[in-house]
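Pasted below: run18.cif, mmCIF, C-alpha atoms and all ligand atoms.
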data_target
loop_
_atom_site.label_atom_id
_atom_site.label_comp_id
_atom_site.auth_asym_id
_atom_site.auth_seq_id
_atom_site.Cartn_x
_atom_site.Cartn_y
_atom_site.Cartn_z
CA MET A 30 -48.89 187.08 103.72
CA THR A 31 -49.24 183.31 103.36
CA GLU A 32 -47.31 181.23 105.90
CA ARG A 33 -45.23 178.78 103.89
CA LEU A 34 -45.31 175.44 105.68
CA TYR A 35 -43.06 173.73 103.11
CA TYR A 36 -40.04 175.72 104.34
CA ASP A 37 -40.11 174.07 107.77
CA ASP A 38 -41.35 170.70 106.61
CA PRO A 39 -40.93 169.78 102.93
CA TYR A 40 -42.45 166.35 103.72
CA LEU A 41 -45.76 167.81 104.95
CA THR A 42 -48.59 166.75 102.64
CA ARG A 43 -51.72 167.31 104.83
CA PHE A 44 -52.59 170.59 106.52
CA GLU A 45 -55.52 172.64 107.78
CA ALA A 46 -55.91 176.28 106.77
CA ARG A 47 -58.43 179.06 106.27
CA VAL A 48 -59.37 180.93 103.07
CA VAL A 49 -58.46 184.61 103.57
CA ARG A 50 -59.47 185.89 100.13
CA ALA A 51 -60.67 184.75 96.74
CA THR A 52 -59.04 185.67 93.42
CA PRO A 53 -60.70 185.40 89.96
CA ASP A 54 -59.25 181.89 89.54
CA GLY A 55 -58.55 180.65 93.06
CA VAL A 56 -57.98 181.32 96.75
CA VAL A 57 -55.33 182.65 99.11
CA LEU A 58 -54.97 180.74 102.42
CA ASP A 59 -53.49 181.88 105.74
CA ARG A 60 -51.00 178.99 105.52
CA THR A 61 -50.09 176.40 102.91
CA ALA A 62 -47.94 173.37 102.16
CA PHE A 63 -48.37 173.94 98.39
CA TYR A 64 -45.18 175.06 96.65
CA PRO A 65 -45.76 177.73 93.95
CA ASP A 66 -43.95 177.92 90.57
CA GLY A 67 -40.54 179.42 91.20
CA GLY A 68 -36.78 178.98 91.21
CA GLY A 69 -36.96 176.51 88.34
CA GLN A 70 -39.23 174.16 90.32
CA PRO A 71 -42.82 173.67 89.09
CA HIS A 72 -45.80 174.08 91.43
CA ASP A 73 -47.43 171.32 93.45
CA THR A 74 -50.83 169.86 92.69
CA GLY A 75 -53.32 168.27 95.08
CA THR A 76 -56.68 169.16 96.64
CA LEU A 77 -58.37 171.67 98.96
CA ASN A 78 -61.46 170.08 100.56
CA GLY A 79 -61.33 167.52 97.75
CA VAL A 80 -61.31 170.21 95.00
CA ALA A 81 -58.38 169.90 92.58
CA VAL A 82 -55.58 172.46 92.87
CA VAL A 83 -54.36 172.83 89.28
CA GLY A 84 -51.93 175.72 89.70
CA VAL A 85 -50.06 177.52 92.49
CA ARG A 86 -48.41 180.91 92.05
CA GLU A 87 -46.92 183.72 94.07
CA GLU A 88 -48.68 187.09 94.18
CA GLY A 89 -46.42 189.33 96.24
CA ASP A 90 -46.19 187.67 99.66
CA ASP A 91 -49.37 185.67 99.03
CA ILE A 92 -49.72 182.29 97.39
CA VAL A 93 -52.69 181.81 95.04
CA HIS A 94 -54.09 178.28 94.71
CA VAL A 95 -55.82 177.91 91.35
CA VAL A 96 -58.81 175.64 92.01
CA ALA A 97 -61.19 173.78 89.72
CA GLN A 98 -64.23 174.94 91.80
CA PRO A 99 -64.66 177.64 94.46
CA VAL A 100 -63.70 176.76 98.06
CA GLU A 101 -64.23 178.85 101.19
CA GLY A 102 -63.88 178.84 104.98
CA GLU A 103 -61.81 176.17 106.69
CA VAL A 104 -60.05 173.86 104.28
CA SER A 105 -58.11 170.60 104.45
CA GLY A 106 -55.23 170.59 102.00
CA VAL A 107 -53.57 167.52 100.50
CA VAL A 108 -50.41 167.85 98.41
CA ASP A 109 -49.71 165.23 95.73
CA TRP A 110 -46.64 163.61 97.30
CA GLU A 111 -45.52 161.67 94.20
CA ARG A 112 -45.18 164.89 92.24
CA ARG A 113 -43.54 166.81 95.11
CA ARG A 114 -41.04 164.04 95.80
CA ASP A 115 -40.18 163.89 92.10
CA HIS A 116 -39.58 167.66 92.06
CA MET A 117 -37.49 167.48 95.25
CA GLN A 118 -35.37 164.70 93.76
CA GLN A 119 -34.76 166.57 90.50
CA HIS A 120 -34.17 169.92 92.23
CA HIS A 121 -31.84 168.67 94.91
CA GLY A 122 -30.05 166.44 92.40
CA GLN A 123 -29.45 169.62 90.40
CA HIS A 124 -27.80 171.29 93.42
CA LEU A 125 -25.47 168.29 93.82
CA LEU A 126 -24.66 168.05 90.11
CA SER A 127 -24.02 171.81 89.84
CA GLU A 128 -21.61 171.76 92.79
CA ALA A 129 -19.95 168.64 91.38
CA PHE A 130 -19.29 170.42 88.04
CA VAL A 131 -17.70 173.33 89.92
CA ARG A 132 -15.43 170.96 91.85
CA VAL A 133 -14.53 168.75 88.90
CA CYS A 134 -13.88 171.35 86.18
CA GLY A 135 -14.77 174.79 87.56
CA ALA A 136 -17.95 174.98 85.43
CA GLU A 137 -20.61 177.18 87.05
CA THR A 138 -24.31 176.54 86.48
CA GLU A 139 -25.98 179.50 84.76
CA SER A 140 -29.54 178.21 84.61
CA PHE A 141 -31.68 175.22 85.54
CA HIS A 142 -34.87 173.87 84.00
CA LEU A 143 -36.92 171.10 85.60
CA GLY A 144 -38.68 169.44 82.67
CA SER A 145 -41.47 166.89 82.56
CA GLU A 146 -39.13 164.19 81.17
CA THR A 147 -35.58 165.32 81.82
CA SER A 148 -34.08 168.38 83.49
CA THR A 149 -31.24 170.54 82.22
CA ILE A 150 -28.51 172.76 83.57
CA GLU A 151 -26.70 175.26 81.36
CA LEU A 152 -23.02 175.44 82.30
CA GLY A 153 -20.90 178.57 81.87
CA ALA A 154 -18.41 176.70 79.69
CA ALA A 155 -18.42 176.35 75.90
CA LYS A 156 -18.54 172.58 76.32
CA VAL A 157 -17.68 169.96 78.87
CA ALA A 158 -15.43 166.98 78.25
CA PRO A 159 -17.10 163.55 78.55
CA VAL A 160 -14.57 162.59 81.22
CA ASP A 161 -15.60 165.61 83.35
CA VAL A 162 -19.28 164.75 82.90
CA GLU A 163 -18.58 161.27 84.23
CA ARG A 164 -16.53 162.56 87.14
CA ALA A 165 -19.21 165.12 88.10
CA GLU A 166 -21.95 162.48 87.85
CA THR A 167 -19.95 160.11 90.05
CA LEU A 168 -19.19 162.80 92.63
CA ALA A 169 -22.88 163.82 92.84
CA ASN A 170 -23.84 160.18 93.41
CA MET A 171 -21.14 159.73 96.08
CA VAL A 172 -22.72 162.60 98.02
CA VAL A 173 -26.12 160.89 97.59
CA PHE A 174 -24.75 157.56 98.84
CA GLU A 175 -23.17 159.24 101.87
CA ASN A 176 -26.66 160.43 102.82
CA ARG A 177 -25.40 163.78 104.05
CA ALA A 178 -27.57 166.16 106.06
CA VAL A 179 -29.28 168.99 104.16
CA GLU A 180 -29.99 172.09 106.21
CA SER A 181 -32.08 175.06 105.18
CA GLY A 182 -33.00 178.28 106.88
CA PHE A 183 -33.32 182.02 106.59
CA PHE A 184 -30.40 184.36 107.15
CA THR A 185 -29.84 188.11 107.10
CA PRO A 186 -27.52 189.35 104.33
CA GLU A 187 -24.86 189.83 107.06
CA GLU A 188 -25.19 186.25 108.29
CA ALA A 189 -25.18 184.98 104.71
CA LYS A 190 -21.77 186.56 104.09
CA GLY A 191 -20.15 183.99 106.37
CA ARG A 192 -21.62 181.10 104.38
CA PRO A 193 -19.74 179.38 101.50
CA LEU A 194 -22.41 180.23 98.89
CA ARG A 195 -21.87 178.78 95.41
CA LYS A 196 -23.14 182.04 93.88
CA PRO A 197 -23.61 185.53 95.35
CA PRO A 198 -27.11 185.76 96.94
CA PRO A 199 -29.78 188.03 95.47
CA ALA A 200 -29.88 191.50 97.01
CA GLY A 201 -32.68 192.26 99.46
CA GLY A 202 -33.92 191.09 102.84
CA ARG A 203 -33.72 187.66 104.37
CA ILE A 204 -32.06 184.96 102.30
CA ARG A 205 -32.98 181.29 102.40
CA ILE A 206 -29.93 179.06 102.21
CA VAL A 207 -29.87 175.33 101.47
CA HIS A 208 -26.66 173.70 102.68
CA VAL A 209 -25.43 170.16 102.10
CA ALA A 210 -22.83 169.28 104.72
CA ASP A 211 -19.31 169.98 103.33
CA PHE A 212 -20.70 170.33 99.83
CA ASP A 213 -23.20 172.63 98.10
CA CYS A 214 -24.34 175.85 99.74
CA SER A 215 -26.86 177.86 97.71
CA ALA A 216 -29.43 180.58 98.11
CA CYS A 217 -32.65 178.80 97.13
CA CYS A 218 -36.37 178.93 97.90
CA GLY A 219 -37.21 175.48 96.52
CA THR A 220 -38.14 172.35 98.47
CA HIS A 221 -35.25 170.10 99.41
CA PRO A 222 -35.00 166.75 101.23
CA ARG A 223 -33.47 166.55 104.72
CA ARG A 224 -30.80 164.12 103.56
CA THR A 225 -29.05 163.70 100.22
CA GLY A 226 -29.96 159.99 100.12
CA ASP A 227 -33.55 160.95 99.28
CA VAL A 228 -32.35 161.98 95.81
CA GLY A 229 -31.73 158.28 95.17
CA PHE A 230 -29.66 158.55 92.02
CA VAL A 231 -28.30 161.22 89.67
CA MET A 232 -27.98 160.19 86.02
CA VAL A 233 -26.69 162.35 83.16
CA VAL A 234 -28.58 161.26 80.04
CA GLY A 235 -27.11 163.62 77.44
CA VAL A 236 -24.82 166.59 76.84
CA GLU A 237 -25.19 169.14 74.04
CA GLY A 238 -22.36 171.66 74.20
CA SER A 239 -22.74 173.30 77.60
CA ARG A 240 -26.23 171.91 78.27
CA VAL A 241 -26.42 168.85 80.51
CA HIS A 242 -29.60 166.73 80.55
CA PHE A 243 -30.15 164.64 83.66
CA VAL A 244 -32.70 162.66 85.65
CA CYS A 245 -32.78 161.86 89.37
CA GLY A 246 -34.52 159.50 91.78
CA LEU A 247 -37.39 157.42 90.43
CA ARG A 248 -36.99 159.07 87.03
CA GLY A 249 -33.48 157.63 86.93
CA LEU A 250 -34.86 154.14 87.51
CA LYS A 251 -37.51 154.60 84.80
CA TYR A 252 -34.92 155.95 82.38
CA ALA A 253 -32.51 153.09 83.08
CA ARG A 254 -35.38 150.60 82.70
CA GLY A 255 -36.24 152.11 79.30
CA ASN A 256 -32.60 151.90 78.25
CA ALA A 257 -32.41 148.26 79.33
CA ALA A 258 -35.54 147.40 77.34
CA SER A 259 -34.08 149.10 74.24
CA VAL A 260 -30.82 147.23 74.68
CA ARG A 261 -32.63 143.88 75.06
CA GLY A 262 -34.65 144.66 71.93
CA ALA A 263 -31.53 145.55 69.96
CA MET A 264 -29.72 142.40 71.19
CA ALA A 265 -32.63 140.24 70.05
CA LYS A 266 -32.90 141.93 66.64
CA LEU A 267 -29.16 141.84 66.03
CA SER A 268 -28.56 138.46 67.73
CA CYS A 269 -25.55 139.86 69.53
CA ALA A 270 -24.22 140.60 73.00
CA ARG A 271 -24.76 143.98 74.69
CA GLU A 272 -21.20 145.17 74.10
CA ASP A 273 -21.43 144.33 70.36
CA ILE A 274 -24.58 146.35 69.59
CA VAL A 275 -22.83 149.45 68.24
CA ALA A 276 -20.41 147.50 66.06
CA SER A 277 -23.26 145.30 64.82
CA VAL A 278 -25.43 148.29 63.88
CA GLY A 279 -22.43 149.82 62.09
CA ARG A 280 -21.89 146.65 60.05
CA THR A 281 -25.60 146.41 59.23
CA GLN A 282 -25.63 150.01 58.03
CA GLU A 283 -22.59 149.41 55.80
CA GLU A 284 -24.22 146.29 54.37
CA LEU A 285 -27.41 148.22 53.68
CA VAL A 286 -25.57 150.97 51.81
CA ALA A 287 -23.72 148.38 49.70
CA ALA A 288 -26.94 146.43 49.03
CA ARG A 289 -28.77 149.58 47.94
CA LYS A 290 -25.97 150.38 45.51
CA ARG A 291 -26.09 146.88 44.04
CA LEU A 292 -29.88 147.03 43.79
CA ALA A 293 -29.76 150.40 42.03
CA ALA A 294 -27.20 149.06 39.51
CA ALA A 295 -29.30 145.92 38.92
CA GLU A 296 -32.45 147.99 38.41
CA ARG A 297 -30.69 150.20 35.88
CA ALA A 298 -29.54 147.13 33.97
CA LEU A 299 -33.01 145.57 34.17
CA ALA A 300 -34.61 148.81 32.99
CA GLY A 301 -32.29 148.80 29.96
CA TYR A 302 -33.39 145.27 28.95
CA GLN A 303 -37.07 145.98 29.66
CA ALA A 304 -36.91 149.17 27.61
CA LYS A 305 -35.70 147.24 24.56
CA GLU A 306 -38.31 144.51 25.06
CA LEU A 307 -41.20 146.93 25.58
CA ALA A 308 -40.19 149.08 22.63
CA ALA A 309 -40.01 146.03 20.37
CA ALA A 310 -43.44 144.76 21.49
CA ALA A 311 -45.20 148.14 21.46
CA PRO A 312 -48.25 148.26 19.15
CA SER A 313 -48.18 150.88 16.45
CA THR A 314 -51.00 153.43 16.61
CA GLY A 315 -50.24 154.83 13.19
CA LYS A 316 -47.92 157.75 13.80
CA VAL A 317 -46.23 156.42 16.94
CA ARG A 318 -45.68 153.25 18.90
CA LEU A 319 -46.87 153.69 22.48
CA VAL A 320 -45.72 151.77 25.55
CA GLU A 321 -48.14 151.97 28.46
CA ARG A 322 -47.16 150.03 31.58
CA LEU A 323 -47.85 150.09 35.32
CA PHE A 324 -45.16 148.66 37.62
CA GLU A 325 -45.75 147.62 41.20
CA GLU A 326 -43.00 148.31 43.72
CA LYS A 327 -41.09 150.57 41.35
CA ASP A 328 -40.31 154.21 41.98
CA GLY A 329 -39.84 157.30 39.82
CA LYS A 330 -36.11 156.63 39.38
CA PHE A 331 -36.79 153.28 37.74
CA LEU A 332 -39.46 154.81 35.48
CA GLN A 333 -36.99 157.50 34.41
CA VAL A 334 -34.32 155.00 33.37
CA LEU A 335 -36.88 152.82 31.59
CA ALA A 336 -38.49 155.74 29.73
CA ASN A 337 -35.07 156.97 28.58
CA GLY A 338 -34.34 153.51 27.21
CA ILE A 339 -37.65 153.34 25.32
CA ILE A 340 -37.32 156.73 23.61
CA GLU A 341 -33.81 156.01 22.32
CA GLN A 342 -35.55 154.68 19.20
CA PRO A 343 -37.49 157.03 16.92
CA GLY A 344 -41.29 157.18 16.94
CA MET A 345 -41.77 156.08 20.54
CA VAL A 346 -44.02 157.34 23.36
CA ALA A 347 -43.69 155.98 26.93
CA VAL A 348 -46.55 156.24 29.44
CA LEU A 349 -45.27 154.65 32.64
CA GLY A 350 -46.52 154.39 36.21
CA GLY A 351 -45.13 153.02 39.47
CA THR A 352 -46.59 152.21 42.89
CA GLY A 353 -43.38 151.84 44.91
CA GLY A 354 -44.06 153.91 48.04
CA ALA A 355 -45.74 157.00 46.56
CA SER A 356 -47.53 156.76 43.21
CA SER A 357 -45.50 158.04 40.26
CA VAL A 358 -46.02 158.76 36.57
CA ALA A 359 -43.41 159.31 33.81
CA LEU A 360 -44.20 160.50 30.27
CA ALA A 361 -41.56 160.54 27.50
CA ARG A 362 -41.34 160.70 23.70
CA SER A 363 -38.66 160.33 21.06
CA LYS A 364 -37.22 163.52 19.57
CA ASP A 365 -39.12 163.05 16.30
CA VAL A 366 -42.57 162.94 17.95
CA ALA A 367 -44.12 166.41 18.06
CA ILE A 368 -46.07 166.82 21.30
CA ASP A 369 -45.53 168.81 24.49
CA LEU A 370 -46.09 166.27 27.28
CA ARG A 371 -46.17 168.78 30.17
CA PRO A 372 -49.90 169.69 30.00
CA VAL A 373 -50.71 165.99 29.55
CA LEU A 374 -48.78 165.18 32.71
CA GLN A 375 -50.71 167.78 34.71
CA GLU A 376 -54.05 166.22 33.66
CA ALA A 377 -52.82 162.72 34.44
CA LEU A 378 -51.43 163.73 37.85
CA ALA A 379 -54.79 165.27 38.78
CA ALA A 380 -56.06 161.65 39.02
CA ILE A 381 -53.63 160.92 41.88
CA GLY A 382 -53.58 164.39 43.42
CA GLY A 383 -49.96 164.70 42.37
CA LYS A 384 -47.38 167.29 41.38
CA GLY A 385 -44.63 167.21 38.81
CA GLY A 386 -42.98 168.77 35.78
CA GLY A 387 -40.11 168.53 33.33
CA ALA A 388 -39.35 169.16 29.66
CA PRO A 389 -41.74 168.91 26.65
CA HIS A 390 -40.21 165.52 25.70
CA PHE A 391 -39.80 164.13 29.23
CA CYS A 392 -41.67 164.87 32.42
CA GLN A 393 -42.65 163.04 35.53
CA GLY A 394 -44.32 163.47 38.90
CA GLY A 395 -45.90 161.73 41.85
CA GLY A 396 -48.75 161.85 44.34
CA GLU A 397 -50.49 160.12 47.20
CA GLY A 398 -53.51 158.88 45.19
CA LYS A 399 -53.67 155.16 44.33
CA ASP A 400 -55.30 155.20 40.86
CA VAL A 401 -52.07 155.25 38.85
CA GLY A 402 -53.75 153.08 36.19
CA GLY A 403 -56.40 155.77 35.74
CA ALA A 404 -53.71 158.43 35.43
CA LEU A 405 -51.93 156.43 32.70
CA ARG A 406 -55.21 155.93 30.80
CA ILE A 407 -55.87 159.68 30.82
CA ALA A 408 -52.31 160.36 29.59
CA ARG A 409 -52.58 157.79 26.77
CA GLU A 410 -55.94 159.15 25.52
CA LYS A 411 -54.70 162.76 25.60
CA ILE A 412 -51.52 161.89 23.73
CA LEU A 413 -53.27 159.87 21.02
CA ALA A 414 -55.95 162.56 20.58
CA ASN A 415 -53.26 165.22 20.37
CA LEU A 416 -51.33 163.27 17.74
CA GLY A 417 -54.53 162.59 15.82
CA ALA A 418 -53.81 158.89 16.04
ZN ZN A 501 -32.45 175.22 94.39
#
Before anything else, please render the file you have as structure tokens.
Amino acid sequence: MTERLYYDDPYLTRFEARVVRATPDGVVLDRTAFYPDGGGQPHDTGTLNGVAVVGVREEGDDIVHVVAQPVEGEVSGVVDWERRRDHMQQHHGQHLLSEAFVRVCGAETESFHLGSETSTIELGAAKVAPVDVERAETLANMVVFENRAVESGFFTPEEAKGRPLRKPPPAGGRIRIVHVADFDCSACCGTHPRRTGDVGFVMVVGVEGSRVHFVCGLRGLKYARGNAASVRGAMAKLSCAREDIVASVGRTQEELVAARKRLAAAERALAGYQAKELAAAAPSTGKVRLVERLFEEKDGKFLQVLANGIIEQPGMVAVLGGTGGASSVALARSKDVAIDLRPVLQEALAAIGGKGGGAPHFCQGGGEGKDVGGALRIAREKILANLGA
């Protein structure tokens, strides 16, 4: 049975111990300051005699330290304090936030996850009102600012009955209880600071239904710093004050929608004129007059409108390509021209690794390849050969 030094002193980062047995991937010590995975809190990392401890897990009453290389005999252990402090801040912040939600709106915490970026609690309520989220966040921070004492210790189930536990304790032997003066009292085996002030700051960063995302301590500072940088960036791009960002983005979005509509209408009109011009100037190849044209910065929609305009007149074939974003190809013919364009399109699209389809008289497609000119050439040659022109 490994003696767990972190229960008595969660701030202990250096300790001496002895290897009592080896496991396939690590060692069990007689005593340790390394916290194993459990209770929603991830394991510590650090070193044993300078060898990296990459995992820590419980095996019955023992704690297995997963090590990068074998270690034996007497060992000096060092726990990565940055990581432990971060976990203590998130975990204890969760206790405070959970109790705050109970006090503010009666919402119990059903589960807790300490993530690598943010942590979450799942509340036993369908959803929580924004005003309650704010009140709970404020209350949790008030308890942090008051720097209240945090006590922890083991109790028999009988002794535990007299304690104001937030949830009923698990059945069994001794129960470890973590108690914040006049606030949260929970059965918990995690590592907790001695005073609430060590949590630093509790910040709710998002709510989805009953799931509350939050960050505490140094993570809160980093998160707030990231938010401030985003806000400064948005203010510079929008040339506006902080409080006007949302309204300014809204206006910009509305303007963009309106501009896109106007652009689409203008392109349709332009395509109509270009169709007439191209049809009039198209050289005759005997049986048909063929328009072959590659457009830069035009997409499949434009090609479709243009092709439709060209084939309004009899005896026309349109072989059109565009390079706006993805490469696109459109093939079309007038009703009186007898050729199925679909197989031609497939051969042309092979040149740009594309896909597409349509009707015998009108089909189009697109791909990632850049040689749209090559695709159009293939299409023109196939069509003229097919028509015997
Ligand atoms: Zn806990």
Protein and nucleic residues near ligand ZN 501 (chain A), 6 Å, only C-alpha atoms and all ligand atoms, as a tab-separated table (two decimals) with C-alpha atoms, in the coordinates of the input:
chain	number	residue	atom	x	y	z
A	120	HIS	CA	-34.17	169.92	92.23
A	217	CYS	CA	-32.65	178.80	97.13
A	219	GLY	CA	-37.21	175.48	96.52
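Compared by their closest atoms to A:Lys330, and using only C-alpha atoms, the residues A:Arg297, A:Arg318, A:Arg60, A:His121 rank with A:Arg297 nearest.
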query = Residues at most 8 Å from A:Leu349, counting all atoms listed in the file, excluding those fewer than 6 positions away in the same chain, as a ChimeraX atom specification?
reply = /A:320-324,332,336,358-360,405
Dump C-alpha atoms for the selected residues as a PDB file, in the coordinates of the input?
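Writing the result to again_21.pdb gives the following:
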ATOM      1  CA  VAL A 320     -45.720 151.770  25.550  1.00  0.00           C
ATOM      2  CA  GLU A 321     -48.140 151.970  28.460  1.00  0.00           C
ATOM      3  CA  ARG A 322     -47.160 150.030  31.580  1.00  0.00           C
ATOM      4  CA  LEU A 323     -47.850 150.090  35.320  1.00  0.00           C
ATOM      5  CA  PHE A 324     -45.160 148.660  37.620  1.00  0.00           C
ATOM      6  CA  LEU A 332     -39.460 154.810  35.480  1.00  0.00           C
ATOM      7  CA  ALA A 336     -38.490 155.740  29.730  1.00  0.00           C
ATOM      8  CA  VAL A 358     -46.020 158.760  36.570  1.00  0.00           C
ATOM      9  CA  ALA A 359     -43.410 159.310  33.810  1.00  0.00           C
ATOM     10  CA  LEU A 360     -44.200 160.500  30.270  1.00  0.00           C
ATOM     11  CA  LEU A 405     -51.930 156.430  32.700  1.00  0.00           C
TER      12      LEU A 405
END
Determine, counting all atoms listed in the file, every residue of protein, DNA or RNA that lies within 10 Å of (-54.8, 155.2, 43.6) in the file coordinates, then give the result as a JSON list (two decimals) with C-alpha atoms, in the coordinates of the input.
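Final output, selection.json:
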[["chain", "number", "residue", "atom", "x", "y", "z"],
["A", 352, "THR", "CA", -46.59, 152.21, 42.89],
["A", 355, "ALA", "CA", -45.74, 157.00, 46.56],
["A", 356, "SER", "CA", -47.53, 156.76, 43.21],
["A", 380, "ALA", "CA", -56.06, 161.65, 39.02],
["A", 381, "ILE", "CA", -53.63, 160.92, 41.88],
["A", 382, "GLY", "CA", -53.58, 164.39, 43.42],
["A", 396, "GLY", "CA", -48.75, 161.85, 44.34],
["A", 397, "GLU", "CA", -50.49, 160.12, 47.20],
["A", 398, "GLY", "CA", -53.51, 158.88, 45.19],
["A", 399, "LYS", "CA", -53.67, 155.16, 44.33],
["A", 400, "ASP", "CA", -55.30, 155.20, 40.86],
["A", 401, "VAL", "CA", -52.07, 155.25, 38.85],
["A", 402, "GLY", "CA", -53.75, 153.08, 36.19],
["A", 403, "GLY", "CA", -56.40, 155.77, 35.74],
["A", 404, "ALA", "CA", -53.71, 158.43, 35.43]]
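Computed from the coordinates, the atom CA of A:Gln303 to atom CA of A:Asp369 distance equals 24.9 Å.
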remark   = A:Leu77 proximity check over A:Val107, A:Leu416, A:Ala51, A:Ala276, using all atoms listed in the file: winner is A:Val107
message = Using all atoms listed in the file, can you tell me which of A:Gly255, A:Gly394, A:Gly301, A:Gly75 comes closest to A:Glu376?
response = A:Gly394
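Taking atom CA of A:Pro312 as the reference point, atom CA of A:His390 is found at 20.1 Å.
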Who sits within 12 Å of A:Val131, only C-alpha atoms, same chain under 2 positions skipped, as an NGL selection string = :A and (124-129 or 133-139 or 152-154 or 157 or 161-162 or 164-166 or 168-169 or 195-196 or 212-213)
Those same residues - C-alpha atoms - I'd like them written as an mmCIF file, in the coordinates of the input.
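Just written: selection_0.cif:
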data_model
loop_
_atom_site.group_PDB
_atom_site.id
_atom_site.type_symbol
_atom_site.label_atom_id
_atom_site.label_comp_id
_atom_site.auth_asym_id
_atom_site.auth_seq_id
_atom_site.Cartn_x
_atom_site.Cartn_y
_atom_site.Cartn_z
ATOM 1 C CA HIS A 124 -27.800 171.290 93.420
ATOM 2 C CA LEU A 125 -25.470 168.290 93.820
ATOM 3 C CA LEU A 126 -24.660 168.050 90.110
ATOM 4 C CA SER A 127 -24.020 171.810 89.840
ATOM 5 C CA GLU A 128 -21.610 171.760 92.790
ATOM 6 C CA ALA A 129 -19.950 168.640 91.380
ATOM 7 C CA VAL A 133 -14.530 168.750 88.900
ATOM 8 C CA CYS A 134 -13.880 171.350 86.180
ATOM 9 C CA GLY A 135 -14.770 174.790 87.560
ATOM 10 C CA ALA A 136 -17.950 174.980 85.430
ATOM 11 C CA GLU A 137 -20.610 177.180 87.050
ATOM 12 C CA THR A 138 -24.310 176.540 86.480
ATOM 13 C CA GLU A 139 -25.980 179.500 84.760
ATOM 14 C CA LEU A 152 -23.020 175.440 82.300
ATOM 15 C CA GLY A 153 -20.900 178.570 81.870
ATOM 16 C CA ALA A 154 -18.410 176.700 79.690
ATOM 17 C CA VAL A 157 -17.680 169.960 78.870
ATOM 18 C CA ASP A 161 -15.600 165.610 83.350
ATOM 19 C CA VAL A 162 -19.280 164.750 82.900
ATOM 20 C CA ARG A 164 -16.530 162.560 87.140
ATOM 21 C CA ALA A 165 -19.210 165.120 88.100
ATOM 22 C CA GLU A 166 -21.950 162.480 87.850
ATOM 23 C CA LEU A 168 -19.190 162.800 92.630
ATOM 24 C CA ALA A 169 -22.880 163.820 92.840
ATOM 25 C CA ARG A 195 -21.870 178.780 95.410
ATOM 26 C CA LYS A 196 -23.140 182.040 93.880
ATOM 27 C CA PHE A 212 -20.700 170.330 99.830
ATOM 28 C CA ASP A 213 -23.200 172.630 98.100
#
For the structure just given, write the atoms of stretch 160-169 of chain A, namely N, CA, C and O atoms, as a short mmCIF file (atom, residue, chain, number, x, y, z; two decimals), in the first residue's frame.
data_model
loop_
_atom_site.label_atom_id
_atom_site.label_comp_id
_atom_site.auth_asym_id
_atom_site.auth_seq_id
_atom_site.Cartn_x
_atom_site.Cartn_y
_atom_site.Cartn_z
N VAL A 160 -28.24 34.74 -16.40
CA VAL A 160 -28.13 35.53 -15.16
C VAL A 160 -27.65 34.65 -14.01
O VAL A 160 -26.86 35.09 -13.16
N ASP A 161 -28.08 33.38 -13.97
CA ASP A 161 -27.63 32.47 -12.92
C ASP A 161 -26.16 32.09 -13.11
O ASP A 161 -25.43 31.91 -12.13
N VAL A 162 -25.74 31.97 -14.37
CA VAL A 162 -24.33 31.68 -14.64
C VAL A 162 -23.47 32.80 -14.09
O VAL A 162 -22.47 32.58 -13.40
N GLU A 163 -23.90 34.04 -14.35
CA GLU A 163 -23.13 35.19 -13.86
C GLU A 163 -23.10 35.25 -12.34
O GLU A 163 -22.06 35.52 -11.73
N ARG A 164 -24.24 34.98 -11.73
CA ARG A 164 -24.31 35.03 -10.26
C ARG A 164 -23.43 33.93 -9.64
O ARG A 164 -22.73 34.17 -8.65
N ALA A 165 -23.47 32.73 -10.23
CA ALA A 165 -22.65 31.63 -9.70
C ALA A 165 -21.16 31.94 -9.87
O ALA A 165 -20.35 31.71 -8.96
N GLU A 166 -20.81 32.49 -11.02
CA GLU A 166 -19.41 32.85 -11.29
C GLU A 166 -18.95 33.91 -10.28
O GLU A 166 -17.84 33.82 -9.73
N THR A 167 -19.77 34.90 -10.04
CA THR A 167 -19.42 35.95 -9.09
C THR A 167 -19.26 35.38 -7.68
O THR A 167 -18.28 35.68 -6.98
N LEU A 168 -20.22 34.54 -7.27
CA LEU A 168 -20.16 33.96 -5.92
C LEU A 168 -18.88 33.14 -5.75
O LEU A 168 -18.19 33.25 -4.73
N ALA A 169 -18.54 32.31 -6.75
CA ALA A 169 -17.32 31.49 -6.67
C ALA A 169 -16.10 32.39 -6.50
O ALA A 169 -15.21 32.12 -5.68
#
